[in-house]
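*Asks:* A single structure is presented below for examination.
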Amino acid sequence: MIVESAVYLIVFGIAACMAFLFQSFYNFAGINHYSVKNKKINTLAYCIIGCIFLLPAIAMFGLRYGIGTDYFSYKEIYEAVHNSTLNTYLSLHNEGNSGSFYIEFGYFLLNVIFPSFRALLWGIATIVTALLLIALKDYSDRISFAFAFFIYFCTQYIYLMNGMRFAIAICFALVGYVFLSRNKTIPFFIMVFFAVLFHKSCLICIAMYFLKQIKFKGVNNVRNILLFAGIISFPVMSKTLLRIAESIPVFSRYFSKSVYSASESMNSGWAWLLHIIPVILPLILLCRKEIFESEDTNTLFRICLMEIPFRMLGLYNTWYTRLSRISQITYVIFIPLILSKVTDKNKRVLLYIYYVVWFAFYFAYYAIVNDQGDSLPYVWIFSR
């Protein structure tokens, strides 16, 4: 299994190197200095060229066969939905059909647009890569694209192969967080809307609005105190929050199924902290100044901390741990941004080495243990 997971890490390494080359090309070409009038065209060109550079990771996703727990379920959805009409989708979706038509409207459109399931896989990988590139675009002269993509690959790639709808949704959320970190509220809500079009659970992202930087320092400090108090007391509040969520019609489908339903009491155990402490603690201990010196990193840090209560929900039902990815996806920008601010060269190099090793280990552990080998060994269409 360790050797088989190395195949992914090799591709991730190649893709990260290509991301470095693309960033160098982008900064050298000065595309970001073109006129505002052509901003949309420039962004499109930026995404197309970036996806070409990152083709190794896109190809690995598009050429897989039977890889991922829900691979054949998604194929079944495609075959059921592809030739259906909008009226058919709306009628069956609104009836609460538990079959293929329960999918959100955005994912329904993708199934209709792409001419084959194989093309859909290529399309999803390209969309996700483009969204990551858009999230990173304005940081091109500050953070390492190679490091950012490596973090994404190690933390999200296997899940992308298992839960494509949700994986697309959280990438839209990531773009929204970038806007929120700059106090651009309307673009943030637009990105959340697009996220919800692919997975309804991303309605939770609306709550992230209250984590943005507030102009009034006193109000900002009170919010921070309430946030930390809420995280600490979350085990007490969690059962009530789940009951509220269960009563909301848009989420009722999940709670009505035994596989998604919450247990009566939160199970004991602190293993979930191992997902968070090795990532956040070194930054708190070594990079406090870099975290709290600016509004954007302040906001991103608060969003990262929301992974704690989301991880706690997994003690009611392991399926709920996917919600932690709503916050975890922020690592893609937050960690490279913090490390780029570290002025001590030796400390910065050590932190880079630490995080590369940690995320490589995290990927191997997730692929071998948590994913129960559903993504190993890698099988592509040419070996069928």
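Just so we're on the same page: first chain in the structure tokens is A, next is B, and so on; residues restart at 1 for each chain, and ligands are numbered from 1 in the order they show up.
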Region 324-353 of chain A near region 205-208 of chain A within 12 Å: what's each residue's closest atom pair and its distance in Å to one decimal, counting only C-alpha atoms, ordered by chain then ascending residue number, as CSV?
*Replies:*
```
residue,atom,partner,partner_atom,distance
A:Ser324,CA,A:Cys205,CA,11.3
A:Arg325,CA,A:Cys205,CA,11.1
A:Ile326,CA,A:Cys205,CA,7.4
A:Ser327,CA,A:Cys205,CA,9.0
A:Thr330,CA,A:Met208,CA,11.9
```
*Asks:* Take the residues from that selection and put them in a file with C-alpha atoms, as a CSV table (one decimal), in the first residue's frame.
*Replies:*
```csv
chain,number,residue,atom,x,y,z
A,324,SER,CA,-14.5,19.7,8.1
A,325,ARG,CA,-13.3,20.1,4.6
A,326,ILE,CA,-15.3,23.3,4.3
A,327,SER,CA,-12.7,24.8,6.6
A,330,THR,CA,-8.5,27.1,3.5
```
*Asks:* Based on the backbone DSSP call, show me all residues of region 4-141 of chain A assigned helix (DSSP H, G or I), as a ChimeraX atom specification.
*Replies:* /A:4-29,31-33,36-53,55-62,71-81,86-94,100-102,105-113,117-139
*Asks:* I'd like a table as CSV: residues in region 43-75 of chain A with an atom no more than 8 Å from region 123-147 of chain A, each row giving the shortest atom pair and its distance in Å to one decimal, only C-alpha atoms counted, sorted by chain and rising residue number.
*Replies:*
```
residue,atom,partner,partner_atom,distance
A:Thr43,CA,A:Ile134,CA,7.7
A:Cys47,CA,A:Ala130,CA,5.3
A:Ile48,CA,A:Ala130,CA,7.7
A:Gly50,CA,A:Leu133,CA,7.1
A:Cys51,CA,A:Thr129,CA,6.4
A:Leu54,CA,A:Thr129,CA,7.8
A:Ile58,CA,A:Ala125,CA,5.3
A:Phe61,CA,A:Ala125,CA,6.4
A:Gly62,CA,A:Ala125,CA,7.0
```
*Asks:* Near region 64-75 of chain A, within 12 Å and counting only C-alpha atoms, which residues show up once chain neighbours fewer than 3 positions away are dropped, as a ChimeraX atom specification?
*Replies:* /A:8,57-61,78-82,99-101,103,107-108,110-111,116-122,125,157-165,367,370-384
*Asks:* For region 288-294 of chain A, list every protein, DNA or RNA residue within 10 Å, evaluated using only C-alpha atoms, and leave out those in the same chain fewer than 2 positions away; present the list as a ChimeraX atom specification.
*Replies:* /A:181,213,282-286,296-301,334-335,337-343
